[in-house]
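Pasted below: data26.pdb, PDB, C-alpha atoms and all ligand atoms.
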```pdb
MODEL        1
ATOM      1  CA  MET A  75      31.009 -18.186  -7.412  1.00  0.00           C
ATOM      2  CA  ALA A  76      28.897 -15.005  -7.227  1.00  0.00           C
ATOM      3  CA  GLU A  77      30.762 -11.689  -7.254  1.00  0.00           C
ATOM      4  CA  VAL A  78      31.002  -9.854  -3.934  1.00  0.00           C
ATOM      5  CA  LEU A  79      28.886  -6.733  -3.455  1.00  0.00           C
ATOM      6  CA  LEU A  80      30.002  -4.835  -0.371  1.00  0.00           C
ATOM      7  CA  ILE A  81      27.641  -2.633   1.631  1.00  0.00           C
ATOM      8  CA  GLY A  82      29.857   0.371   2.376  1.00  0.00           C
ATOM      9  CA  SER A  83      28.316   1.641   5.617  1.00  0.00           C
ATOM     10  CA  GLY A  84      29.819   1.834   9.085  1.00  0.00           C
ATOM     11  CA  ASN A  85      26.338   2.434  10.556  1.00  0.00           C
ATOM     12  CA  ARG A  86      25.176  -1.031  11.668  1.00  0.00           C
ATOM     13  CA  ASP A  87      21.498  -0.050  11.706  1.00  0.00           C
ATOM     14  CA  LYS A  88      21.683   1.138   8.142  1.00  0.00           C
ATOM     15  CA  ALA A  89      23.839  -1.797   6.983  1.00  0.00           C
ATOM     16  CA  ARG A  90      21.192  -4.157   8.385  1.00  0.00           C
ATOM     17  CA  GLU A  91      18.422  -2.369   6.471  1.00  0.00           C
ATOM     18  CA  LEU A  92      20.478  -2.410   3.280  1.00  0.00           C
ATOM     19  CA  ALA A  93      21.275  -6.125   3.603  1.00  0.00           C
ATOM     20  CA  THR A  94      17.510  -6.815   3.726  1.00  0.00           C
ATOM     21  CA  LEU A  95      16.856  -4.527   0.766  1.00  0.00           C
ATOM     22  CA  LEU A  96      19.525  -6.297  -1.344  1.00  0.00           C
ATOM     23  CA  GLU A  97      18.478  -9.867  -0.467  1.00  0.00           C
ATOM     24  CA  GLY A  98      18.045 -12.281  -3.372  1.00  0.00           C
ATOM     25  CA  LEU A  99      20.315 -10.471  -5.845  1.00  0.00           C
ATOM     26  CA  PRO A 100      22.788 -12.611  -7.829  1.00  0.00           C
ATOM     27  CA  TRP A 101      25.696 -11.205  -5.778  1.00  0.00           C
ATOM     28  CA  GLU A 102      27.326 -12.326  -2.558  1.00  0.00           C
ATOM     29  CA  VAL A 103      26.346  -9.385  -0.364  1.00  0.00           C
ATOM     30  CA  GLY A 104      28.874  -8.558   2.368  1.00  0.00           C
ATOM     31  CA  CYS A 105      29.069  -5.976   5.167  1.00  0.00           C
ATOM     32  CA  LEU A 106      32.087  -4.038   6.461  1.00  0.00           C
ATOM     33  CA  LYS A 107      32.173  -6.236   9.560  1.00  0.00           C
ATOM     34  CA  ASP A 108      33.165  -9.155   7.222  1.00  0.00           C
ATOM     35  CA  PHE A 109      36.264  -7.201   6.121  1.00  0.00           C
ATOM     36  CA  PRO A 110      39.355  -5.928   7.986  1.00  0.00           C
ATOM     37  CA  ASP A 111      38.800  -2.684   9.912  1.00  0.00           C
ATOM     38  CA  VAL A 112      39.260   0.466   7.920  1.00  0.00           C
ATOM     39  CA  GLU A 113      38.728   4.087   8.894  1.00  0.00           C
ATOM     40  CA  GLU A 114      35.548   5.595   7.423  1.00  0.00           C
ATOM     41  CA  PRO A 115      35.943   8.282   4.752  1.00  0.00           C
ATOM     42  CA  GLU A 116      34.903  11.743   5.876  1.00  0.00           C
ATOM     43  CA  GLU A 117      31.373  12.719   4.780  1.00  0.00           C
ATOM     44  CA  ASP A 118      32.261  16.279   3.847  1.00  0.00           C
ATOM     45  CA  GLY A 119      30.195  16.694   0.674  1.00  0.00           C
ATOM     46  CA  ASP A 120      27.391  19.260   0.322  1.00  0.00           C
ATOM     47  CA  THR A 121      24.961  16.754  -1.151  1.00  0.00           C
ATOM     48  CA  PHE A 122      23.773  13.203  -0.498  1.00  0.00           C
ATOM     49  CA  GLU A 123      24.965  12.250  -4.003  1.00  0.00           C
ATOM     50  CA  VAL A 124      28.558  13.385  -3.411  1.00  0.00           C
ATOM     51  CA  ASN A 125      28.765  11.604  -0.043  1.00  0.00           C
ATOM     52  CA  ALA A 126      27.171   8.348  -1.283  1.00  0.00           C
ATOM     53  CA  LEU A 127      29.565   8.155  -4.244  1.00  0.00           C
ATOM     54  CA  LYS A 128      32.522   9.012  -2.041  1.00  0.00           C
ATOM     55  CA  LYS A 129      31.763   6.084   0.303  1.00  0.00           C
ATOM     56  CA  ALA A 130      31.076   3.571  -2.501  1.00  0.00           C
ATOM     57  CA  ARG A 131      34.246   4.579  -4.372  1.00  0.00           C
ATOM     58  CA  PHE A 132      36.388   4.484  -1.243  1.00  0.00           C
ATOM     59  CA  TYR A 133      35.317   1.096   0.157  1.00  0.00           C
ATOM     60  CA  GLY A 134      35.119  -0.495  -3.314  1.00  0.00           C
ATOM     61  CA  ALA A 135      38.652   0.588  -4.238  1.00  0.00           C
ATOM     62  CA  HIS A 136      40.069  -0.219  -0.784  1.00  0.00           C
ATOM     63  CA  PHE A 137      38.839  -3.819  -0.817  1.00  0.00           C
ATOM     64  CA  GLY A 138      38.875  -4.363  -4.610  1.00  0.00           C
ATOM     65  CA  VAL A 139      35.178  -5.271  -4.804  1.00  0.00           C
ATOM     66  CA  ALA A 140      31.935  -3.847  -6.199  1.00  0.00           C
ATOM     67  CA  CYS A 141      30.326  -1.617  -3.595  1.00  0.00           C
ATOM     68  CA  VAL A 142      27.004   0.029  -2.780  1.00  0.00           C
ATOM     69  CA  ALA A 143      26.697   2.871  -0.289  1.00  0.00           C
ATOM     70  CA  ASP A 144      24.064   5.383   0.585  1.00  0.00           C
ATOM     71  CA  ASP A 145      23.883   8.784   2.097  1.00  0.00           C
ATOM     72  CA  SER A 146      20.643   9.898   3.612  1.00  0.00           C
ATOM     73  CA  GLY A 147      19.091  12.399   5.931  1.00  0.00           C
ATOM     74  CA  LEU A 148      16.107  14.384   7.021  1.00  0.00           C
ATOM     75  CA  ALA A 149      15.161  17.756   5.527  1.00  0.00           C
ATOM     76  CA  VAL A 150      12.729  19.852   7.575  1.00  0.00           C
ATOM     77  CA  ASP A 151      10.948  22.619   5.655  1.00  0.00           C
ATOM     78  CA  PHE A 152      10.665  25.018   8.605  1.00  0.00           C
ATOM     79  CA  LEU A 153      14.455  24.700   9.065  1.00  0.00           C
ATOM     80  CA  ASP A 154      15.155  25.393   5.365  1.00  0.00           C
ATOM     81  CA  GLY A 155      16.160  21.784   4.739  1.00  0.00           C
ATOM     82  CA  ALA A 156      18.247  21.239   7.902  1.00  0.00           C
ATOM     83  CA  PRO A 157      19.614  18.967   9.253  1.00  0.00           C
ATOM     84  CA  GLY A 158      20.077  17.548   5.692  1.00  0.00           C
ATOM     85  CA  VAL A 159      23.562  16.131   5.101  1.00  0.00           C
ATOM     86  CA  TYR A 160      24.307  16.860   8.773  1.00  0.00           C
ATOM     87  CA  SER A 161      21.476  14.619  10.047  1.00  0.00           C
ATOM     88  CA  ALA A 162      23.764  12.153  11.829  1.00  0.00           C
ATOM     89  CA  ARG A 163      25.593  14.920  13.730  1.00  0.00           C
ATOM     90  CA  TYR A 164      22.814  17.512  14.126  1.00  0.00           C
ATOM     91  CA  ALA A 165      23.367  17.743  17.911  1.00  0.00           C
ATOM     92  CA  GLY A 166      27.181  17.460  17.618  1.00  0.00           C
ATOM     93  CA  GLU A 167      29.904  15.002  16.550  1.00  0.00           C
ATOM     94  CA  SER A 168      29.254  11.420  17.731  1.00  0.00           C
ATOM     95  CA  CYS A 169      25.951  12.424  19.330  1.00  0.00           C
ATOM     96  CA  SER A 170      23.165   9.943  20.069  1.00  0.00           C
ATOM     97  CA  TYR A 171      19.934   9.543  18.100  1.00  0.00           C
ATOM     98  CA  GLU A 172      18.117  10.772  21.238  1.00  0.00           C
ATOM     99  CA  ALA A 173      20.168  13.990  21.348  1.00  0.00           C
ATOM    100  CA  ASN A 174      19.324  14.689  17.676  1.00  0.00           C
ATOM    101  CA  ASN A 175      15.643  14.061  18.268  1.00  0.00           C
ATOM    102  CA  LYS A 176      15.607  16.288  21.317  1.00  0.00           C
ATOM    103  CA  LYS A 177      17.276  19.123  19.429  1.00  0.00           C
ATOM    104  CA  LEU A 178      14.805  18.775  16.560  1.00  0.00           C
ATOM    105  CA  LEU A 179      11.787  18.827  18.888  1.00  0.00           C
ATOM    106  CA  HIS A 180      13.187  21.929  20.539  1.00  0.00           C
ATOM    107  CA  ALA A 181      13.703  23.666  17.172  1.00  0.00           C
ATOM    108  CA  LEU A 182      10.071  22.982  16.208  1.00  0.00           C
ATOM    109  CA  ALA A 183       8.523  23.627  19.638  1.00  0.00           C
ATOM    110  CA  GLY A 184       5.013  25.097  19.407  1.00  0.00           C
ATOM    111  CA  LEU A 185       4.840  24.760  15.615  1.00  0.00           C
ATOM    112  CA  PRO A 186       1.441  23.585  14.313  1.00  0.00           C
ATOM    113  CA  TRP A 187       1.165  20.249  12.453  1.00  0.00           C
ATOM    114  CA  HIS A 188       0.786  21.769   8.969  1.00  0.00           C
ATOM    115  CA  GLU A 189       4.114  23.570   9.388  1.00  0.00           C
ATOM    116  CA  ARG A 190       5.969  20.452  10.573  1.00  0.00           C
ATOM    117  CA  THR A 191       6.486  19.078   7.055  1.00  0.00           C
ATOM    118  CA  ALA A 192       9.718  17.239   6.239  1.00  0.00           C
ATOM    119  CA  HIS A 193      11.113  14.579   3.971  1.00  0.00           C
ATOM    120  CA  PHE A 194      13.736  11.902   4.178  1.00  0.00           C
ATOM    121  CA  CYS A 195      16.077  11.601   1.219  1.00  0.00           C
ATOM    122  CA  CYS A 196      18.352   8.713   0.313  1.00  0.00           C
ATOM    123  CA  CYS A 197      20.929   8.555  -2.435  1.00  0.00           C
ATOM    124  CA  ALA A 198      22.089   5.026  -3.283  1.00  0.00           C
ATOM    125  CA  ALA A 199      25.374   4.668  -5.187  1.00  0.00           C
ATOM    126  CA  PHE A 200      26.844   1.654  -6.963  1.00  0.00           C
ATOM    127  CA  VAL A 201      30.484   1.464  -8.031  1.00  0.00           C
ATOM    128  CA  PRO A 202      31.542  -1.708  -9.886  1.00  0.00           C
ATOM    129  CA  ARG A 203      34.809  -3.470  -9.174  1.00  0.00           C
ATOM    130  CA  ASP A 204      36.572  -1.832 -12.137  1.00  0.00           C
ATOM    131  CA  GLY A 205      35.117   1.573 -11.137  1.00  0.00           C
ATOM    132  CA  ALA A 206      33.948   2.104 -14.732  1.00  0.00           C
ATOM    133  CA  SER A 207      30.162   2.616 -14.729  1.00  0.00           C
ATOM    134  CA  GLU A 208      28.953   4.264 -11.539  1.00  0.00           C
ATOM    135  CA  HIS A 209      25.226   4.495 -10.913  1.00  0.00           C
ATOM    136  CA  LEU A 210      23.037   6.624  -8.599  1.00  0.00           C
ATOM    137  CA  GLU A 211      19.402   6.386  -7.511  1.00  0.00           C
ATOM    138  CA  ILE A 212      17.427   8.795  -5.302  1.00  0.00           C
ATOM    139  CA  GLY A 213      14.470   7.991  -3.062  1.00  0.00           C
ATOM    140  CA  ARG A 214      12.291  10.380  -1.033  1.00  0.00           C
ATOM    141  CA  CYS A 215       9.620  10.004   1.591  1.00  0.00           C
ATOM    142  CA  GLU A 216       7.404  12.939   2.612  1.00  0.00           C
ATOM    143  CA  GLY A 217       5.868  13.351   6.039  1.00  0.00           C
ATOM    144  CA  HIS A 218       5.625  15.370   9.257  1.00  0.00           C
ATOM    145  CA  ILE A 219       7.665  15.689  12.444  1.00  0.00           C
ATOM    146  CA  ALA A 220       5.596  14.561  15.434  1.00  0.00           C
ATOM    147  CA  VAL A 221       5.453  16.558  18.675  1.00  0.00           C
ATOM    148  CA  ALA A 222       6.833  13.624  20.704  1.00  0.00           C
ATOM    149  CA  PRO A 223       8.643  10.371  19.916  1.00  0.00           C
ATOM    150  CA  THR A 224       6.590   7.172  19.530  1.00  0.00           C
ATOM    151  CA  GLY A 225       7.603   3.570  18.828  1.00  0.00           C
ATOM    152  CA  ALA A 226      10.661   1.481  19.561  1.00  0.00           C
ATOM    153  CA  GLY A 227      11.653   0.191  16.099  1.00  0.00           C
ATOM    154  CA  GLY A 228      13.943   1.603  13.420  1.00  0.00           C
ATOM    155  CA  PHE A 229      16.694   4.077  14.216  1.00  0.00           C
ATOM    156  CA  GLY A 230      17.628   7.765  14.053  1.00  0.00           C
ATOM    157  CA  TYR A 231      14.670  10.105  13.565  1.00  0.00           C
ATOM    158  CA  ASP A 232      12.201   7.228  13.055  1.00  0.00           C
ATOM    159  CA  PRO A 233      10.281   7.864  16.336  1.00  0.00           C
ATOM    160  CA  LEU A 234       9.543  11.442  15.186  1.00  0.00           C
ATOM    161  CA  PHE A 235       8.774  10.888  11.500  1.00  0.00           C
ATOM    162  CA  VAL A 236       5.177  10.262  10.463  1.00  0.00           C
ATOM    163  CA  PRO A 237       5.047   9.525   6.710  1.00  0.00           C
ATOM    164  CA  ASN A 238       2.154  10.991   4.688  1.00  0.00           C
ATOM    165  CA  GLY A 239      -0.899   8.743   4.640  1.00  0.00           C
ATOM    166  CA  GLU A 240       0.037   7.208   8.010  1.00  0.00           C
ATOM    167  CA  GLU A 241      -0.745   8.006  11.624  1.00  0.00           C
ATOM    168  CA  ARG A 242       2.146   5.968  12.993  1.00  0.00           C
ATOM    169  CA  SER A 243       5.798   6.962  13.083  1.00  0.00           C
ATOM    170  CA  PHE A 244       8.394   4.899  11.197  1.00  0.00           C
ATOM    171  CA  ALA A 245       9.464   3.513  14.600  1.00  0.00           C
ATOM    172  CA  GLU A 246       5.978   2.029  15.110  1.00  0.00           C
ATOM    173  CA  MET A 247       6.054   0.133  11.804  1.00  0.00           C
ATOM    174  CA  ARG A 248       7.350  -3.329  11.036  1.00  0.00           C
ATOM    175  CA  PRO A 249      10.575  -3.185   8.957  1.00  0.00           C
ATOM    176  CA  GLU A 250       8.721  -4.391   5.800  1.00  0.00           C
ATOM    177  CA  GLU A 251       6.131  -1.633   6.219  1.00  0.00           C
ATOM    178  CA  LYS A 252       8.822   1.010   6.536  1.00  0.00           C
ATOM    179  CA  HIS A 253      10.840  -0.337   3.560  1.00  0.00           C
ATOM    180  CA  ALA A 254       7.741  -0.313   1.320  1.00  0.00           C
ATOM    181  CA  ILE A 255       7.446   3.498   1.546  1.00  0.00           C
ATOM    182  CA  SER A 256      10.761   4.775   2.889  1.00  0.00           C
ATOM    183  CA  HIS A 257      13.337   6.873   1.057  1.00  0.00           C
ATOM    184  CA  ARG A 258      15.876   4.034   1.397  1.00  0.00           C
ATOM    185  CA  GLY A 259      13.358   1.388   0.348  1.00  0.00           C
ATOM    186  CA  ARG A 260      12.544   3.394  -2.780  1.00  0.00           C
ATOM    187  CA  ALA A 261      16.155   4.206  -3.725  1.00  0.00           C
ATOM    188  CA  PHE A 262      17.241   0.585  -3.269  1.00  0.00           C
ATOM    189  CA  ALA A 263      14.219  -0.880  -5.104  1.00  0.00           C
ATOM    190  CA  GLN A 264      15.364   1.204  -8.090  1.00  0.00           C
ATOM    191  CA  LEU A 265      19.000   0.211  -7.549  1.00  0.00           C
ATOM    192  CA  ARG A 266      17.998  -3.482  -7.368  1.00  0.00           C
ATOM    193  CA  GLN A 267      16.403  -3.211 -10.798  1.00  0.00           C
ATOM    194  CA  PHE A 268      19.550  -1.623 -12.161  1.00  0.00           C
ATOM    195  CA  LEU A 269      21.779  -4.258 -10.534  1.00  0.00           C
ATOM    196  CA  GLU A 270      19.686  -7.099 -11.953  1.00  0.00           C
ATOM    197  CA  SER A 271      20.008  -5.815 -15.513  1.00  0.00           C
ATOM    198  CA  TYR A 272      23.671  -4.865 -14.964  1.00  0.00           C
ATOM    199  CA  HIS A 273      24.372  -8.436 -13.846  1.00  0.00           C
ATOM    200  CA  GLU A 274      22.482  -9.940 -16.817  1.00  0.00           C
ATOM    201  CA  SER A 275      24.271  -7.705 -19.321  1.00  0.00           C
ATOM    202  CA  GLY A 276      27.665  -8.540 -17.761  1.00  0.00           C
TER     203      GLY A 276
HETATM  204  P1  LIG B 301      24.408   8.800   6.960  1.00  0.00           P
HETATM  205  O1  LIG B 301      23.563   8.496   5.745  1.00  0.00           O
HETATM  206  O2  LIG B 301      25.081   7.609   7.510  1.00  0.00           O
HETATM  207  O3  LIG B 301      25.251   9.991   6.760  1.00  0.00           O
HETATM  208  O4  LIG B 301      23.443   9.230   8.151  1.00  0.00           O
HETATM  209  C1  LIG B 301      22.167   9.605   7.950  1.00  0.00           C
HETATM  210  C2  LIG B 301      21.526  10.047   9.239  1.00  0.00           C
HETATM  211  O5  LIG B 301      20.231  10.506   8.852  1.00  0.00           O
HETATM  212  C3  LIG B 301      21.299   8.916  10.234  1.00  0.00           C
HETATM  213  O6  LIG B 301      22.286   8.861  11.233  1.00  0.00           O
HETATM  214  C4  LIG B 301      19.960   9.301  10.840  1.00  0.00           C
HETATM  215  O7  LIG B 301      20.152  10.246  11.844  1.00  0.00           O
HETATM  216  C5  LIG B 301      19.252   9.968   9.672  1.00  0.00           C
HETATM  217  N1  LIG B 301      18.483   8.962   8.895  1.00  0.00           N
HETATM  218  C6  LIG B 301      18.720   8.514   7.638  1.00  0.00           C
HETATM  219  N2  LIG B 301      17.821   7.591   7.261  1.00  0.00           N
HETATM  220  C7  LIG B 301      17.015   7.436   8.318  1.00  0.00           C
HETATM  221  C8  LIG B 301      15.888   6.591   8.552  1.00  0.00           C
HETATM  222  O8  LIG B 301      15.471   5.758   7.738  1.00  0.00           O
HETATM  223  N3  LIG B 301      15.311   6.725   9.744  1.00  0.00           N
HETATM  224  C9  LIG B 301      15.727   7.607  10.687  1.00  0.00           C
HETATM  225  N4  LIG B 301      16.780   8.389  10.546  1.00  0.00           N
HETATM  226  C10 LIG B 301      17.425   8.310   9.362  1.00  0.00           C
ENDMDL
END
```
Once you've parsed the file, please lay out its structure as structure tokens.
Ligand code: IMP
Amino acid sequence: MAEVLLIGSGNRDKARELATLLEGLPWEVGCLKDFPDVEEPEEDGDTFEVNALKKARFYGAHFGVACVADDSGLAVDFLDGAPGVYSARYAGESCSYEANNKKLLHALAGLPWHERTAHFCCCAAFVPRDGASEHLEIGRCEGHIAVAPTGAGGFGYDPLFVPNGEERSFAEMRPEEKHAISHRGRAFAQLRQFLESYHESG
């Protein structure tokens, strides 16, 4: 039987994206909803790398399985990289995606297009069952913050993020289109390659 690879994310939207990005690997990919409830570890690191590793280590050790986790966020140049690691709670603890988007639009009100540059960053972490050889991959996607939300797909800041080379926001794209260029798509394409060779060498 294939070894279990747990997706260590309590965010259902993200877990769904990750399950798609890990399809077809020689592992039995599972989500947290397939396991007994456990409280999420606190994301108190200063960097995406620290938080991604913290989640993968925690869930992997707790359930005794190999685990992948990511930490991601939006960095806006005009805001000196904010909201960054605080992207999920930019407008306050347990706030909605809409509240975050509203706060961001307010912070950039009146700013011309060329100053609305931003990038998404995703750090993908893998921790094997024995915890021995951890692995990290980083993906980025550059773009601009729109002046108003458009589109109904995706999640989070997707309705406001227009990737370079596109006129549509992430929320207006089909999931495959977003994955092909997104920070998460890139980080997990690299992680997939690593996991394939890791599996072959094991
Ligand atoms: P975390 O990685 O679970 O800490 O949360 C990252 C937060 O960054 C999410 O709650 C979103 O607000 C934002 N974010 C990360 N990736 C994306 C994306 O692909 N689209 C839109 N928002 C994202």
message: I'd like the contact shell of A:Phe194 - 10 Å cut-off, only C-alpha atoms, skipping same-chain residues fewer than 4 positions apart - returned as an MDAnalysis selection string.
response: chainID A and resid 146:150 158 213:217 231 235 237 256:258
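Residue nearest A:Ala206, chosen from A:Phe152, A:Ile255, A:Ala135, A:Glu274 and counting all atoms listed in the file: A:Ala135.
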message: Rounded to one decimal, what separation in Å do you get between atom CA of A:Glu241 and atom CA of A:Ala198?
response: 27.4 Å
Within 10 Å of ligand LIG 301 (chain B) (only C-alpha atoms and all ligand atoms), residues as a ChimeraX atom specification: /A:83-89,91,116-118,122,125-126,129,143-149,157-164,168-172,174-175,194-198,215,227-235,244-245,252-253,256-259
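Near A:Ala130, within a cut-off of 8 Å and counting only C-alpha atoms, sit the residues A:Gly82, A:Ala126, A:Leu127, A:Lys128, A:Phe132, A:Tyr133, A:Gly134, A:Cys141, A:Val142, A:Ala143, A:Asp144, A:Ala199, A:Phe200, A:Val201, with same-chain residues fewer than 2 positions away left out.
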query: Quick one: residues within 10 Å of A:Phe109, only C-alpha atoms counted, chain neighbours fewer than 4 positions away excluded, as a VMD selection string?
result: chain A and resid 80 104 to 105 137
- prompt: Which of these, A:Glu208, A:Glu102, A:Ala165, A:Ala222, has the shortest distance to A:Gly184 once you count only C-alpha atoms?
  reply: A:Ala222
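Between atom CA of A:Glu77 and atom CA of A:Trp101 lies a distance of 5.3 Å.
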task: Give me, please, the distance in Å between atom CA of A:Ala220 and atom CA of A:Ala181, quoted to one decimal.
output: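 Going from atom CA of A:Ala220 over to atom CA of A:Ala181 covers 12.3 Å.
Using all atoms listed in the file, the smallest distance between any of A:Glu167, A:Pro202, A:His136, A:Leu92 and A:Asp111 comes from A:His136.
By only C-alpha atoms, and with residues fewer than 5 positions from A:Leu153 along its chain excluded, the set lying at most 12 Å from it is A:Leu148, A:Gly158, A:Leu178, A:Leu179, A:His180, A:Ala181, A:Leu182, A:Leu185, A:Glu189, A:Arg190, A:Thr191, A:Ala192, A:His193, A:Ile219.
Considering all atoms listed in the file, the residue among A:Glu246, A:Glu251, A:Asp151, A:Glu123 positioned nearest to A:Thr224 is A:Glu246.
Shortest separation to A:Glu211 among A:Ser243, A:Asn238, A:Thr94, A:Gln267 occurs at residue A:Gln267, atoms counted being only C-alpha atoms.
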Test item: write stretch 148-169 of chain A with N, CA and C atoms as a PDB file, in the first residue's frame:
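Contents of selection_22.pdb, as written:
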```
ATOM      1  N   LEU A 148       0.626  37.552   0.601  1.00  0.00           N
ATOM      2  CA  LEU A 148       0.730  38.607  -0.387  1.00  0.00           C
ATOM      3  C   LEU A 148       1.654  39.690   0.148  1.00  0.00           C
ATOM      4  N   ALA A 149       2.605  40.118  -0.680  1.00  0.00           N
ATOM      5  CA  ALA A 149       3.509  41.206  -0.281  1.00  0.00           C
ATOM      6  C   ALA A 149       3.293  42.373  -1.231  1.00  0.00           C
ATOM      7  N   VAL A 150       2.875  43.510  -0.701  1.00  0.00           N
ATOM      8  CA  VAL A 150       2.574  44.685  -1.518  1.00  0.00           C
ATOM      9  C   VAL A 150       3.723  45.674  -1.373  1.00  0.00           C
ATOM     10  N   ASP A 151       4.310  46.069  -2.501  1.00  0.00           N
ATOM     11  CA  ASP A 151       5.510  46.924  -2.457  1.00  0.00           C
ATOM     12  C   ASP A 151       5.252  48.255  -1.751  1.00  0.00           C
ATOM     13  N   PHE A 152       4.130  48.893  -2.078  1.00  0.00           N
ATOM     14  CA  PHE A 152       3.828  50.201  -1.474  1.00  0.00           C
ATOM     15  C   PHE A 152       3.699  50.091   0.044  1.00  0.00           C
ATOM     16  N   LEU A 153       3.351  48.899   0.543  1.00  0.00           N
ATOM     17  CA  LEU A 153       3.187  48.689   1.987  1.00  0.00           C
ATOM     18  C   LEU A 153       4.422  48.015   2.594  1.00  0.00           C
ATOM     19  N   ASP A 154       5.560  48.141   1.892  1.00  0.00           N
ATOM     20  CA  ASP A 154       6.824  47.556   2.376  1.00  0.00           C
ATOM     21  C   ASP A 154       6.694  46.057   2.654  1.00  0.00           C
ATOM     22  N   GLY A 155       5.958  45.364   1.818  1.00  0.00           N
ATOM     23  CA  GLY A 155       5.873  43.902   1.953  1.00  0.00           C
ATOM     24  C   GLY A 155       4.691  43.412   2.775  1.00  0.00           C
ATOM     25  N   ALA A 156       3.925  44.320   3.386  1.00  0.00           N
ATOM     26  CA  ALA A 156       2.721  43.901   4.124  1.00  0.00           C
ATOM     27  C   ALA A 156       1.645  43.484   3.110  1.00  0.00           C
ATOM     28  N   PRO A 157       0.688  42.654   3.475  1.00  0.00           N
ATOM     29  CA  PRO A 157       0.517  42.010   4.775  1.00  0.00           C
ATOM     30  C   PRO A 157       1.439  40.815   5.020  1.00  0.00           C
ATOM     31  N   GLY A 158       2.147  40.291   4.008  1.00  0.00           N
ATOM     32  CA  GLY A 158       3.156  39.248   4.221  1.00  0.00           C
ATOM     33  C   GLY A 158       2.665  38.066   5.030  1.00  0.00           C
ATOM     34  N   VAL A 159       3.418  37.697   6.081  1.00  0.00           N
ATOM     35  CA  VAL A 159       3.024  36.515   6.870  1.00  0.00           C
ATOM     36  C   VAL A 159       1.706  36.746   7.629  1.00  0.00           C
ATOM     37  N   TYR A 160       1.248  37.997   7.643  1.00  0.00           N
ATOM     38  CA  TYR A 160      -0.032  38.288   8.317  1.00  0.00           C
ATOM     39  C   TYR A 160      -1.200  38.342   7.344  1.00  0.00           C
ATOM     40  N   SER A 161      -1.028  37.830   6.122  1.00  0.00           N
ATOM     41  CA  SER A 161      -2.052  37.972   5.080  1.00  0.00           C
ATOM     42  C   SER A 161      -3.422  37.456   5.507  1.00  0.00           C
ATOM     43  N   ALA A 162      -3.455  36.333   6.208  1.00  0.00           N
ATOM     44  CA  ALA A 162      -4.751  35.740   6.574  1.00  0.00           C
ATOM     45  C   ALA A 162      -5.496  36.606   7.583  1.00  0.00           C
ATOM     46  N   ARG A 163      -4.733  37.327   8.425  1.00  0.00           N
ATOM     47  CA  ARG A 163      -5.376  38.121   9.500  1.00  0.00           C
ATOM     48  C   ARG A 163      -5.060  39.602   9.380  1.00  0.00           C
ATOM     49  N   TYR A 164      -4.936  40.086   8.146  1.00  0.00           N
ATOM     50  CA  TYR A 164      -4.595  41.498   7.891  1.00  0.00           C
ATOM     51  C   TYR A 164      -5.616  42.433   8.534  1.00  0.00           C
ATOM     52  N   ALA A 165      -6.909  42.089   8.441  1.00  0.00           N
ATOM     53  CA  ALA A 165      -7.956  42.968   9.000  1.00  0.00           C
ATOM     54  C   ALA A 165      -8.358  42.537  10.420  1.00  0.00           C
ATOM     55  N   GLY A 166      -7.608  41.617  11.016  1.00  0.00           N
ATOM     56  CA  GLY A 166      -7.898  41.181  12.393  1.00  0.00           C
ATOM     57  C   GLY A 166      -8.021  39.671  12.467  1.00  0.00           C
ATOM     58  N   GLU A 167      -7.896  39.126  13.689  1.00  0.00           N
ATOM     59  CA  GLU A 167      -8.010  37.674  13.906  1.00  0.00           C
ATOM     60  C   GLU A 167      -9.348  37.178  13.369  1.00  0.00           C
ATOM     61  N   SER A 168      -9.336  36.025  12.728  1.00  0.00           N
ATOM     62  CA  SER A 168     -10.554  35.376  12.205  1.00  0.00           C
ATOM     63  C   SER A 168     -11.395  36.282  11.299  1.00  0.00           C
ATOM     64  N   CYS A 169     -10.741  37.196  10.593  1.00  0.00           N
ATOM     65  CA  CYS A 169     -11.514  38.089   9.716  1.00  0.00           C
ATOM     66  C   CYS A 169     -11.828  37.382   8.393  1.00  0.00           C
TER      67      CYS A 169
END
```
